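*Asks:* Here you go, one structure.
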Amino acid sequence: MISVEKVTDGLEAKLMPDRRFAPRCGVCGEPAAYRDTRPLRRFRHVPLWGIAVWLIYRPRRVACGRCGSVHAEAMPWVSGKRRFTRALMVILATWARILTWQQVATLFGCAWSTVAAAVGEAVAHGLARRDLSGITHSGIDEISRQRGHVYVTNVYDLKDHRLLWSGEGRARKSLAAFFDWFGEECTARIEGVCSDMWQPYIDTVKERAPQAVLVLDKFHIVQHLMRAVDQVRREEIREKARNIRSS
Ligand SMILES: [Zn+2]
């Protein structure tokens with residue numbers, strides 16, 4: 001790092017490559033020959049006392065002998081083409097365990113989809129180091145944003161209270177994608193599934209894990225009951241109003 005500068009939207013930390021070392025290929029990680037330097041990029045980093053922090057860097061491209069092609073160099077602070085640093089993604093995912101994803105997005109001034117991606121990365125990171133064969137009870141839940149126009153299906157390990165998998169949508173194929181990923185062997189060990197009262201989930205669990213006892217989530221059953229009670233109440237009020245008018 002060479003300098004830190006105050007700018008209108010926070011602090012900018014300008015990074016310079018360490019010329020004692022050859023750049024590494026962003027695809028295979030091997031040291032490779034310098035090819036050219038790309039335009040300046042700004043990466044959002046962990047805020048400092050509430051002040052936004054940006055890492056500024058001009059990524060280089062390398063001609064990689066191993067890959068046999070030109071790639072962007074490896075930048076250890078960021079994964080793929082993200083605009084957020086790895087450290088910030090970890091922080092978003094950590095907060096998302098306590099707050100709703102929308103609250104985290106508001107708190108950090110980022111998109112909901114960035115929080116969702118951070119959680120996805122954290123889950124993938126955890127799962128890569130984890131044995132799935134001991135999972136016997138799972139829970140399925142959906143979350144929505146944009147007033148119910150966009151859905152995400154989450155699957156939890158109920159014994160560990162940990163998020164196992166997260167995927168877009170709430171259709172049969174969304175949950176089917178979980179079972180594809182989880183594998184037949186692990187699915188066969190599932191004894192119980194807790195799900196909310198959503199027919200595509202119920203159908204998919206019956207089809208893919210027929211041995212599992214399906215428990216419908218108490219919270220959602222209560223919600224449905226309350227809605228039914230409300231409906232009856234509204235009808236009664238309407239009925240009374242009609243009676244008053246006609247009497
Ligand atoms: Zn390479």
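To be explicit about the labels: the chains of the structure tokens are called A, B, and onward in the order shown, and within each one the residues are counted from 1, while ligands get numbers from 1 in the order they are shown.
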Quick one: everything within 10 Å of Leu158 of chain A, counting only C-alpha atoms, minus sequence neighbours fewer than 4 positions away in the same chain. Send it as a list in words.
*Replies:*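 In the requested form, the answer reads Ile135, Thr136, His137, Ser138, Gly139, Ile140, Arg162, Leu163, Leu164, Gly192, Val193 and Cys194 of chain A.
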*Asks:* For segment 82-94 of chain A, find every residue with an atom within 9 Å (counting only C-alpha atoms), except residues of its own chain fewer than 6 positions away, and show them as a ChimeraX atom specification.
*Replies:* /A:41-47,55,76,101,104-105,108,114-123
*Asks:* Write a file of the selected residues as a compact mmCIF listing (two decimals), in the first residue's frame, keeping C-alpha atoms.
*Replies:*
# COMPACT_ATOMS: atom_id res chain seq x y z
CA ARG A 41 -10.59 -0.49 -10.04
CA ARG A 42 -12.25 0.43 -6.77
CA PHE A 43 -13.02 -2.28 -4.25
CA ARG A 44 -15.22 -1.65 -1.26
CA HIS A 45 -13.49 -2.69 1.92
CA VAL A 46 -14.48 -2.96 5.59
CA PRO A 47 -15.62 0.48 6.83
CA LEU A 55 -9.04 -0.14 -2.10
CA PRO A 76 -5.88 -12.09 -2.76
CA TRP A 101 -30.49 -9.71 5.05
CA VAL A 104 -27.63 -5.82 6.72
CA ALA A 105 -28.04 -4.33 3.23
CA PHE A 108 -23.84 -1.34 4.89
CA THR A 114 -24.69 -8.69 -2.25
CA VAL A 115 -25.68 -9.86 1.24
CA ALA A 116 -27.22 -12.99 -0.29
CA ALA A 117 -23.98 -13.62 -2.23
CA ALA A 118 -21.90 -13.09 0.93
CA VAL A 119 -23.99 -15.64 2.81
CA GLY A 120 -23.73 -18.03 -0.15
CA GLU A 121 -19.94 -17.72 -0.15
CA ALA A 122 -19.71 -18.21 3.61
CA VAL A 123 -21.92 -21.29 3.41
*Asks:* Skip segment 20-32 of chain A itself and residues of its chain fewer than 3 positions away, then list as a compact mmCIF listing (two decimals) with N, CA and C atoms, in the first residue's frame all residues within 10 Å of it, counting only C-alpha atoms.
*Replies:*
# COMPACT_ATOMS: atom_id res chain seq x y z
N PRO A 17 1.54 -2.91 -6.74
CA PRO A 17 2.07 -4.28 -6.73
C PRO A 17 3.48 -4.32 -6.15
N ARG A 35 1.80 -8.94 -18.61
CA ARG A 35 1.38 -8.64 -19.98
C ARG A 35 1.04 -7.14 -20.11
N PRO A 59 -5.36 -3.56 -11.75
CA PRO A 59 -5.00 -4.97 -11.92
C PRO A 59 -4.16 -5.18 -13.18
N ARG A 60 -3.25 -6.11 -13.09
CA ARG A 60 -2.42 -6.43 -14.25
C ARG A 60 -2.96 -7.69 -14.92
N ARG A 61 -2.59 -7.85 -16.17
CA ARG A 61 -2.91 -9.10 -16.83
C ARG A 61 -1.62 -9.87 -17.03
N VAL A 62 -1.72 -11.18 -16.99
CA VAL A 62 -0.52 -12.01 -17.15
C VAL A 62 -0.72 -13.02 -18.29
N ALA A 63 0.38 -13.36 -18.92
CA ALA A 63 0.36 -14.43 -19.91
C ALA A 63 0.78 -15.68 -19.16
N CYS A 64 -0.18 -16.55 -18.89
CA CYS A 64 0.10 -17.71 -18.05
C CYS A 64 0.55 -18.90 -18.90
N GLY A 65 1.75 -19.42 -18.58
CA GLY A 65 2.27 -20.56 -19.33
C GLY A 65 1.47 -21.82 -19.05
N ARG A 66 0.99 -21.92 -17.83
CA ARG A 66 0.28 -23.13 -17.46
C ARG A 66 -1.09 -23.20 -18.14
N CYS A 67 -1.84 -22.05 -18.10
CA CYS A 67 -3.16 -22.01 -18.73
C CYS A 67 -3.04 -21.85 -20.24
N SER A 69 -2.93 -18.98 -21.71
CA SER A 69 -3.70 -17.81 -22.16
C SER A 69 -3.47 -16.62 -21.23
N VAL A 70 -4.07 -15.50 -21.61
CA VAL A 70 -3.92 -14.27 -20.83
C VAL A 70 -5.07 -14.17 -19.82
N HIS A 71 -4.72 -13.93 -18.55
CA HIS A 71 -5.74 -13.81 -17.51
C HIS A 71 -5.44 -12.60 -16.63
N ALA A 72 -6.45 -12.16 -15.89
CA ALA A 72 -6.22 -11.15 -14.87
C ALA A 72 -5.38 -11.80 -13.78
N GLU A 73 -4.53 -10.98 -13.14
CA GLU A 73 -3.70 -11.54 -12.07
C GLU A 73 -4.55 -11.89 -10.84
N ALA A 74 -4.03 -12.76 -9.99
CA ALA A 74 -4.72 -13.12 -8.75
C ALA A 74 -4.63 -11.94 -7.79
N MET A 75 -5.78 -11.55 -7.21
CA MET A 75 -5.78 -10.48 -6.19
C MET A 75 -6.35 -11.11 -4.91
N PRO A 76 -5.47 -11.32 -3.93
CA PRO A 76 -5.88 -12.09 -2.76
C PRO A 76 -7.00 -11.45 -1.94
N SER A 79 -12.55 -12.05 -4.47
CA SER A 79 -12.77 -13.27 -5.24
C SER A 79 -13.53 -12.93 -6.52
N GLY A 80 -13.07 -13.49 -7.60
CA GLY A 80 -13.70 -13.32 -8.90
C GLY A 80 -13.78 -11.87 -9.33
*Asks:* Would you return as number ranges by chain the members of segment 116-178 of chain A that DSSP assigns to alpha helix (DSSP H) on this structure's backbone?
*Replies:* A: 116-128, 172-178
*Asks:* Let me make sure I understand: among A:Thr100, A:Ala33, A:Asn154, A:Ala212, which one has the smallest atom-to-atom distance to ligand 1 if we use only C-alpha atoms and all ligand atoms?
*Replies:* A:Ala33
*Asks:* Pick from A:Gln223, A:Val232, A:Gln103, A:Lys173: nearest to Pro200 of chain A, with only C-alpha atoms counted?
*Replies:*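 Between A:Gln223, A:Val232, A:Gln103, A:Lys173, the residue approaching Pro200 of chain A most closely is A:Lys173.
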*Asks:* Taking only C-alpha atoms and all ligand atoms into account, name the residue in A:Val152, A:Gly183, A:Gly68, A:Asp230 that is nearest to ligand 1.
*Replies:* A:Gly68
*Asks:* Can you tell me how far atom CA of Glu191 of chain A sits from atom CA of Arg129 of chain A, in Å to one decimal?
*Replies:*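 Distance between the two atoms: 23.3 Å.
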*Asks:* Measure the distance from atom CA of Tyr156 of chain A to atom CA of Ser195 of chain A in Å and round it to one decimal.
*Replies:*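 Computed distance, atom CA of Tyr156 of chain A to atom CA of Ser195 of chain A, equals 10.3 Å.
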